[in-house]
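Accompanying notes for the structure given below.
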Protein chains: 2
Amino acid sequence: MTRRRKAVVLLSGGLDSTTTLYHALKNGYKCSALIFDYGQRHKRELRSAVAVAKGVSVAYHVIRIKLPWKGSSLLDRKTKIPQNRKLTGIPSTYVPARNMIFLSFALSYAEAIGAKAIFIGANAVDFSGYPDCRPAFYRAFQRAAERGTRAKKIRIVTPLLRLTKKEIVALGRRLGAPLEKTWSCYAGGRQPCGVCDSCRLRARGFML
Amino acid sequence: MTRRRKAVVLLSGGLDSTTTLYHALKNGYKCSALIFDYGQRHKRELRSAVAVAKGVSVAYHVIRIKLPWKGSSLLDRKTKIPQNRKLTGIPSTYVPARNMIFLSFALSYAEAIGAKAIFIGANAVDFSGYPDCRPAFYRAFQRAAERGTRAKKIRIVTPLLRLTKKEIVALGRRLGAPLEKTWSCYAGGRQPCGVCDSCRLRARGFML
């Protein structure tokens with residue numbers, strides 16, 4: 001019996017991270033998922049993330065962190081989430097250094113369990129312009145991870161980075177990912193709002 | 001009236017981070033301190049950190065994080081902390097990606113409040129061999145921070161990186177830092193144990 005290589009997968013409960021998890025599994029990795037309860041406006045996406053992880057029986061941890069400084073409309077219920085905005089510039093939903101924080105925890109986890117890769121479903125095509133979703137950031141983070149850990153050779157893998165949302169949906173379907181279980185809306189009502197960036201980007205994926 | 005530039009300072013309550021805070025203040029920064037309760041074996045150093053921050057009336061946050069994967073003798077009370085070991089190699093007290101996690105939070109904080117610098121008291125001379133204390137890691141992190149944030153120009157400042165412990169103590173004294181309030185021991189008993197890496201490195205600073 002060969003032992004499967006381990007990977008840590010960042011799982012938000014959305015379309016992209018769910019597809020990424022299925023991609024990592026398809027590539028033979030024994031996956032462990034990290035889910036973050038970081039003070040986002042709603043818990044709906046956390047339920048989706050846990051459901052997705054349980055659906056494929058991968059181990060997961062829910063990490064609770066509190067960013068007392070806010071600095072994002074995604075963390076502050078008193079502010080409004082932009083609706084039907086022009087998809088240019090960096091919107092107020094940007095959470096300072098969020099992916100850096102998530103990746104740092106993933107790196108710690110990966111090193112502790114001997115995982116060889118970290119998968120993150122970042123996308124720089126149909127995206128909100130967040131700086132921590134761009135290829136240059138992942139290259140730089142890879143280097144910092146190599147310099148700052150004992151393990152040295154933990155790969156940061158971003159399989160969706162250059163795909164369109166349409167291609168992501170197609171990939172998810174091909175992999176048998178339960179896209180119907182995923183949640184993308186920033187608002188977290190009973191139904192997706194349809195007008196936040198995340199809903200609108202998601203819709204691109206399902207358009208005929 | 002000129003507005004002072006802001007900085008975030010990582011504060012553990014030890015000798016190095018306390019000296020670093022005083023160095024940042026001396027250089028004119030309006031400092032905010034970040035203190036981490038990350039599951040270390042004792043809370044003694046947290047009390048020191050809070051006392052130091054209060055002593056100079058800087059704002060501070062205590063961030064609570066839980067690393068469910070352990071992977072370090074500093075997080076796991078069932079394991080032993082190395083005593084009087086030869087100071088070579090990476091010891092079991094190394095916490096995977098700890099400084100990366102701390103810096104990521106600091107980066108988020110700095111970006112949220114508009115700080116221009118992050119100060120960290122890392123040292124690569126009289127140190128335990130932790131990979132995340134070496135200059136190459138800080139250079140790489142600086143680059144990742146520039147690529148992954150909106151702010152782009154937040155400097156990672158490591159004033160103690162190439163000083164000996166003796167030089168750090170001398171600097172701390174010159175700056176009027178309350179070294180007597182600081183706590184370095186990993187064990188966290190009523191008195192410092194004197195035999196862990198941290199006690200022994202600290203002792204180098206006070207030797208005549």
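Residue names in the structure tokens use chain letters A, B, ... in the order shown, residue numbers from 1 in each chain, and ligand numbers from 1 in the order shown.
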Can you check which residues of chain B have any atom within 7 Å of chain A? Use only C-alpha atoms and format it as a list of chain:residue names.
B:Ile65, B:Trp69, B:Gly71, B:Pro96, B:Ala97, B:Met100, B:Ile101, B:Ser104, B:Phe105, B:Leu107, B:Ser108, B:Tyr109, B:Glu111, B:Ala112, B:Pro131, B:Asp132, B:Ala136, B:Phe137, B:Ala140, B:Phe141, B:Arg143, B:Ala144, B:Arg147, B:Gly148, B:Thr149, B:Arg150
Chain B fitted onto chain A, all C-alpha pairs in order, as an mmCIF file with C-alpha atoms, in the first residue's frame:
```cif
data_model
loop_
_atom_site.group_PDB
_atom_site.id
_atom_site.type_symbol
_atom_site.label_atom_id
_atom_site.label_comp_id
_atom_site.auth_asym_id
_atom_site.auth_seq_id
_atom_site.Cartn_x
_atom_site.Cartn_y
_atom_site.Cartn_z
ATOM 1 C CA MET B 1 0.029 -0.029 0.051
ATOM 2 C CA THR B 2 1.372 3.375 -0.863
ATOM 3 C CA ARG B 3 0.714 6.208 1.509
ATOM 4 C CA ARG B 4 -1.105 9.089 -0.106
ATOM 5 C CA ARG B 5 0.521 12.501 -0.037
ATOM 6 C CA LYS B 6 -1.239 14.882 2.305
ATOM 7 C CA ALA B 7 -2.611 18.308 1.480
ATOM 8 C CA VAL B 8 -4.319 21.094 3.380
ATOM 9 C CA VAL B 9 -7.225 22.715 1.524
ATOM 10 C CA LEU B 10 -8.677 26.114 2.428
ATOM 11 C CA LEU B 11 -12.431 25.710 2.332
ATOM 12 C CA SER B 12 -14.873 28.611 2.524
ATOM 13 C CA GLY B 13 -17.992 26.783 1.428
ATOM 14 C CA GLY B 14 -18.126 28.629 -1.886
ATOM 15 C CA LEU B 15 -17.968 27.440 -5.446
ATOM 16 C CA ASP B 16 -14.247 27.959 -5.934
ATOM 17 C CA SER B 17 -12.909 26.327 -2.786
ATOM 18 C CA THR B 18 -15.269 23.365 -3.145
ATOM 19 C CA THR B 19 -14.093 22.768 -6.709
ATOM 20 C CA THR B 20 -10.516 23.099 -5.475
ATOM 21 C CA LEU B 21 -11.065 20.452 -2.803
ATOM 22 C CA TYR B 22 -12.442 18.052 -5.386
ATOM 23 C CA HIS B 23 -9.512 18.830 -7.667
ATOM 24 C CA ALA B 24 -7.037 17.996 -4.881
ATOM 25 C CA LEU B 25 -8.853 14.747 -4.097
ATOM 26 C CA LYS B 26 -8.927 13.817 -7.774
ATOM 27 C CA ASN B 27 -5.169 14.348 -7.859
ATOM 28 C CA GLY B 28 -4.730 11.737 -5.185
ATOM 29 C CA TYR B 29 -4.121 13.883 -2.138
ATOM 30 C CA LYS B 30 -5.305 12.916 1.300
ATOM 31 C CA CYS B 31 -6.938 16.221 2.163
ATOM 32 C CA SER B 32 -7.539 18.049 5.422
ATOM 33 C CA ALA B 33 -9.726 21.117 5.206
ATOM 34 C CA LEU B 34 -9.367 24.403 7.070
ATOM 35 C CA ILE B 35 -12.496 26.477 7.541
ATOM 36 C CA PHE B 36 -12.377 29.978 9.022
ATOM 37 C CA ASP B 37 -14.926 31.648 11.219
ATOM 38 C CA TYR B 38 -13.310 35.081 11.050
ATOM 39 C CA GLY B 39 -16.212 37.341 11.845
ATOM 40 C CA GLN B 40 -17.768 37.354 8.379
ATOM 41 C CA ARG B 41 -21.304 38.757 8.355
ATOM 42 C CA HIS B 42 -23.037 35.402 8.384
ATOM 43 C CA LYS B 43 -22.448 31.756 9.216
ATOM 44 C CA ARG B 44 -24.269 30.405 6.197
ATOM 45 C CA GLU B 45 -21.095 29.727 4.252
ATOM 46 C CA LEU B 46 -19.581 27.907 7.238
ATOM 47 C CA ARG B 47 -22.468 25.443 7.186
ATOM 48 C CA SER B 48 -21.813 24.874 3.488
ATOM 49 C CA ALA B 49 -18.117 24.331 4.114
ATOM 50 C CA VAL B 50 -18.760 21.772 6.841
ATOM 51 C CA ALA B 51 -21.360 20.007 4.677
ATOM 52 C CA VAL B 52 -18.914 19.802 1.770
ATOM 53 C CA ALA B 53 -16.110 18.453 3.998
ATOM 54 C CA LYS B 54 -18.402 15.873 5.563
ATOM 55 C CA GLY B 55 -19.742 14.903 2.151
ATOM 56 C CA VAL B 56 -16.313 13.599 1.139
ATOM 57 C CA SER B 57 -15.286 12.532 4.649
ATOM 58 C CA VAL B 58 -12.194 14.732 4.841
ATOM 59 C CA ALA B 59 -10.870 15.831 8.220
ATOM 60 C CA TYR B 60 -11.473 19.487 8.932
ATOM 61 C CA HIS B 61 -10.879 22.145 11.550
ATOM 62 C CA VAL B 62 -12.919 25.291 12.024
ATOM 63 C CA ILE B 63 -10.543 28.059 13.129
ATOM 64 C CA ARG B 64 -12.103 30.947 15.004
ATOM 65 C CA ILE B 65 -10.325 34.258 14.758
ATOM 66 C CA LYS B 66 -11.365 37.728 15.704
ATOM 67 C CA LEU B 67 -9.974 40.747 13.925
ATOM 68 C CA PRO B 68 -10.784 43.549 16.366
ATOM 69 C CA TRP B 69 -9.832 46.229 13.852
ATOM 70 C CA LYS B 70 -12.547 45.559 11.263
ATOM 71 C CA GLY B 71 -11.451 47.539 8.180
ATOM 72 C CA SER B 72 -13.871 45.774 5.821
ATOM 73 C CA SER B 73 -17.579 45.858 5.050
ATOM 74 C CA LEU B 74 -17.467 42.077 5.258
ATOM 75 C CA LEU B 75 -16.633 42.305 8.963
ATOM 76 C CA ASP B 76 -18.800 45.229 9.922
ATOM 77 C CA ARG B 77 -22.542 44.832 9.858
ATOM 78 C CA LYS B 78 -23.010 48.567 10.250
ATOM 79 C CA THR B 79 -21.658 49.187 6.766
ATOM 80 C CA LYS B 80 -23.311 48.268 3.488
ATOM 81 C CA ILE B 81 -22.109 45.679 1.057
ATOM 82 C CA PRO B 82 -21.730 47.178 -2.441
ATOM 83 C CA GLN B 83 -24.540 46.198 -4.798
ATOM 84 C CA ASN B 84 -24.334 45.984 -8.574
ATOM 85 C CA ARG B 85 -21.103 47.938 -8.536
ATOM 86 C CA LYS B 86 -18.832 48.236 -11.526
ATOM 87 C CA LEU B 87 -16.315 45.442 -11.041
ATOM 88 C CA THR B 88 -13.212 47.632 -10.966
ATOM 89 C CA GLY B 89 -10.910 48.739 -8.150
ATOM 90 C CA ILE B 90 -10.706 47.141 -4.714
ATOM 91 C CA PRO B 91 -14.139 47.132 -3.031
ATOM 92 C CA SER B 92 -14.969 47.669 0.641
ATOM 93 C CA THR B 93 -15.466 43.928 1.072
ATOM 94 C CA TYR B 94 -11.706 43.463 0.868
ATOM 95 C CA VAL B 95 -10.486 42.162 4.241
ATOM 96 C CA PRO B 96 -6.919 43.333 4.907
ATOM 97 C CA ALA B 97 -4.443 40.464 4.583
ATOM 98 C CA ARG B 98 -7.155 37.825 4.873
ATOM 99 C CA ASN B 99 -5.640 35.285 2.518
ATOM 100 C CA MET B 100 -2.243 35.823 4.125
ATOM 101 C CA ILE B 101 -3.756 34.950 7.504
ATOM 102 C CA PHE B 102 -5.551 31.907 6.086
ATOM 103 C CA LEU B 103 -2.427 30.685 4.303
ATOM 104 C CA SER B 104 -0.307 31.167 7.410
ATOM 105 C CA PHE B 105 -2.594 28.907 9.411
ATOM 106 C CA ALA B 106 -2.622 26.431 6.532
ATOM 107 C CA LEU B 107 1.164 26.487 6.475
ATOM 108 C CA SER B 108 1.332 25.801 10.193
ATOM 109 C CA TYR B 109 -1.158 22.947 9.819
ATOM 110 C CA ALA B 110 0.639 21.510 6.784
ATOM 111 C CA GLU B 111 3.962 21.570 8.563
ATOM 112 C CA ALA B 112 2.515 19.990 11.711
ATOM 113 C CA ILE B 113 0.951 17.043 9.840
ATOM 114 C CA GLY B 114 3.633 16.659 7.171
ATOM 115 C CA ALA B 115 1.471 17.801 4.238
ATOM 116 C CA LYS B 116 3.267 18.562 1.003
ATOM 117 C CA ALA B 117 0.789 21.010 -0.504
ATOM 118 C CA ILE B 118 -1.709 23.729 0.340
ATOM 119 C CA PHE B 119 -4.615 24.204 -2.054
ATOM 120 C CA ILE B 120 -6.424 27.537 -2.282
ATOM 121 C CA GLY B 121 -9.196 28.406 -4.734
ATOM 122 C CA ALA B 122 -8.033 31.921 -5.493
ATOM 123 C CA ASN B 123 -9.049 33.338 -8.839
ATOM 124 C CA ALA B 124 -7.713 36.344 -10.688
ATOM 125 C CA VAL B 125 -10.043 36.405 -13.688
ATOM 126 C CA ASP B 126 -13.661 36.669 -12.564
ATOM 127 C CA PHE B 127 -12.816 38.230 -9.207
ATOM 128 C CA SER B 128 -13.313 41.315 -7.073
ATOM 129 C CA GLY B 129 -9.864 42.782 -7.589
ATOM 130 C CA TYR B 130 -8.564 41.719 -4.187
ATOM 131 C CA PRO B 131 -4.766 42.053 -4.170
ATOM 132 C CA ASP B 132 -4.386 38.759 -2.320
ATOM 133 C CA CYS B 133 -5.975 36.859 -5.206
ATOM 134 C CA ARG B 134 -3.319 37.774 -7.750
ATOM 135 C CA PRO B 135 -0.605 35.429 -9.048
ATOM 136 C CA ALA B 136 2.253 37.647 -7.835
ATOM 137 C CA PHE B 137 1.052 37.317 -4.269
ATOM 138 C CA TYR B 138 1.045 33.518 -4.403
ATOM 139 C CA ARG B 139 4.529 33.408 -5.897
ATOM 140 C CA ALA B 140 5.784 35.684 -3.123
ATOM 141 C CA PHE B 141 3.980 33.722 -0.423
ATOM 142 C CA GLN B 142 5.483 30.487 -1.737
ATOM 143 C CA ARG B 143 8.918 31.975 -1.285
ATOM 144 C CA ALA B 144 8.194 33.240 2.225
ATOM 145 C CA ALA B 145 6.860 29.789 3.140
ATOM 146 C CA GLU B 146 10.074 28.168 1.927
ATOM 147 C CA ARG B 147 12.214 30.615 3.876
ATOM 148 C CA GLY B 148 10.208 30.547 7.095
ATOM 149 C CA THR B 149 9.487 26.898 7.804
ATOM 150 C CA ARG B 150 11.384 23.787 8.729
ATOM 151 C CA ALA B 151 9.521 21.821 6.045
ATOM 152 C CA LYS B 152 10.688 24.150 3.259
ATOM 153 C CA LYS B 153 8.994 22.266 0.448
ATOM 154 C CA ILE B 154 5.291 22.862 0.933
ATOM 155 C CA ARG B 155 3.743 23.864 -2.392
ATOM 156 C CA ILE B 156 1.056 26.522 -2.594
ATOM 157 C CA VAL B 157 -1.302 25.277 -5.299
ATOM 158 C CA THR B 158 -3.827 27.579 -6.989
ATOM 159 C CA PRO B 159 -5.564 25.466 -9.641
ATOM 160 C CA LEU B 160 -8.287 28.044 -10.432
ATOM 161 C CA LEU B 161 -6.084 31.109 -10.588
ATOM 162 C CA ARG B 162 -6.414 31.727 -14.306
ATOM 163 C CA LEU B 163 -9.768 30.129 -15.056
ATOM 164 C CA THR B 164 -12.957 32.014 -15.847
ATOM 165 C CA LYS B 165 -15.938 31.388 -13.600
ATOM 166 C CA LYS B 166 -17.497 29.402 -16.396
ATOM 167 C CA GLU B 167 -14.471 27.153 -16.576
ATOM 168 C CA ILE B 168 -14.543 26.706 -12.803
ATOM 169 C CA VAL B 169 -18.163 25.580 -12.882
ATOM 170 C CA ALA B 170 -17.389 23.198 -15.741
ATOM 171 C CA LEU B 171 -14.422 21.794 -13.807
ATOM 172 C CA GLY B 172 -16.492 21.431 -10.653
ATOM 173 C CA ARG B 173 -19.170 19.541 -12.537
ATOM 174 C CA ARG B 174 -16.649 17.296 -14.236
ATOM 175 C CA LEU B 175 -15.188 16.453 -10.831
ATOM 176 C CA GLY B 176 -18.610 15.723 -9.380
ATOM 177 C CA ALA B 177 -18.376 18.557 -6.828
ATOM 178 C CA PRO B 178 -21.697 19.272 -5.074
ATOM 179 C CA LEU B 179 -22.030 22.831 -6.391
ATOM 180 C CA GLU B 180 -25.617 22.951 -5.148
ATOM 181 C CA LYS B 181 -24.333 22.771 -1.579
ATOM 182 C CA THR B 182 -22.014 25.770 -1.976
ATOM 183 C CA TRP B 183 -22.739 29.307 -0.849
ATOM 184 C CA SER B 184 -21.209 32.447 -2.344
ATOM 185 C CA CYS B 185 -23.415 35.388 -1.304
ATOM 186 C CA TYR B 186 -21.784 37.936 1.004
ATOM 187 C CA ALA B 187 -25.094 38.879 2.587
ATOM 188 C CA GLY B 188 -26.139 35.508 3.952
ATOM 189 C CA GLY B 189 -29.911 35.865 3.789
ATOM 190 C CA ARG B 190 -32.225 32.905 3.212
ATOM 191 C CA GLN B 191 -31.666 33.299 -0.509
ATOM 192 C CA PRO B 192 -28.580 34.728 -2.251
ATOM 193 C CA CYS B 193 -29.034 38.483 -2.748
ATOM 194 C CA GLY B 194 -28.023 38.365 -6.418
ATOM 195 C CA VAL B 195 -26.455 41.829 -6.368
ATOM 196 C CA CYS B 196 -23.237 41.543 -4.345
ATOM 197 C CA ASP B 197 -19.963 40.929 -6.226
ATOM 198 C CA SER B 198 -19.886 37.341 -5.148
ATOM 199 C CA CYS B 199 -23.409 36.530 -6.385
ATOM 200 C CA ARG B 200 -22.755 38.273 -9.677
ATOM 201 C CA LEU B 201 -19.432 36.534 -10.259
ATOM 202 C CA ARG B 202 -21.041 33.224 -9.408
ATOM 203 C CA ALA B 203 -23.831 33.888 -11.906
ATOM 204 C CA ARG B 204 -21.234 34.205 -14.666
ATOM 205 C CA GLY B 205 -20.334 30.593 -14.049
ATOM 206 C CA PHE B 206 -23.837 29.297 -14.547
ATOM 207 C CA MET B 207 -24.853 31.435 -17.519
ATOM 208 C CA LEU B 208 -25.492 29.476 -20.697
#
```
Can you list, as JSON, numbers by chain, all residues belonging to region 24-65 of chain A that DSSP tags as strand (DSSP E)?
{"A": [30, 31, 32, 33, 34, 35, 36, 37, 59, 60, 61, 62, 63, 64]}
Next, dump the selected residues to file, keeping only C-alpha atoms, as a compact mmCIF listing (two decimals), in the first residue's frame.
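Final file, selection-v5.txt:
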```
# COMPACT_ATOMS: atom_id res chain seq x y z
CA LYS A 30 -5.30 12.92 1.30
CA CYS A 31 -6.94 16.22 2.16
CA SER A 32 -7.54 18.04 5.42
CA ALA A 33 -9.72 21.13 5.21
CA LEU A 34 -9.36 24.40 7.08
CA ILE A 35 -12.50 26.48 7.54
CA PHE A 36 -12.37 29.99 9.01
CA ASP A 37 -14.92 31.64 11.21
CA ALA A 59 -10.87 15.83 8.23
CA TYR A 60 -11.47 19.49 8.93
CA HIS A 61 -10.87 22.15 11.54
CA VAL A 62 -12.92 25.28 12.02
CA ILE A 63 -10.54 28.05 13.13
CA ARG A 64 -12.10 30.94 14.99
```
Determine which residues of region 80-137 of chain A receive a DSSP assignment of alpha helix (DSSP H), computed from the backbone, and state them as a ChimeraX atom specification.
/A:98-113,135-137
Hey, can you spit out that residue selection with C-alpha atoms as an mmCIF file, in the first residue's frame?
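And here is the file that came out, result-v6.cif:
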```
data_model
loop_
_atom_site.group_PDB
_atom_site.id
_atom_site.type_symbol
_atom_site.label_atom_id
_atom_site.label_comp_id
_atom_site.auth_asym_id
_atom_site.auth_seq_id
_atom_site.Cartn_x
_atom_site.Cartn_y
_atom_site.Cartn_z
ATOM 1 C CA ARG A 98 -7.156 37.814 4.871
ATOM 2 C CA ASN A 99 -5.633 35.275 2.518
ATOM 3 C CA MET A 100 -2.232 35.817 4.124
ATOM 4 C CA ILE A 101 -3.744 34.938 7.502
ATOM 5 C CA PHE A 102 -5.539 31.898 6.084
ATOM 6 C CA LEU A 103 -2.415 30.673 4.293
ATOM 7 C CA SER A 104 -0.299 31.157 7.416
ATOM 8 C CA PHE A 105 -2.581 28.900 9.413
ATOM 9 C CA ALA A 106 -2.611 26.421 6.529
ATOM 10 C CA LEU A 107 1.172 26.474 6.473
ATOM 11 C CA SER A 108 1.352 25.790 10.184
ATOM 12 C CA TYR A 109 -1.134 22.943 9.819
ATOM 13 C CA ALA A 110 0.647 21.510 6.794
ATOM 14 C CA GLU A 111 3.974 21.554 8.552
ATOM 15 C CA ALA A 112 2.534 19.983 11.707
ATOM 16 C CA ILE A 113 0.971 17.041 9.834
ATOM 17 C CA PRO A 135 -0.600 35.431 -9.047
ATOM 18 C CA ALA A 136 2.270 37.657 -7.839
ATOM 19 C CA PHE A 137 1.067 37.320 -4.265
#
```
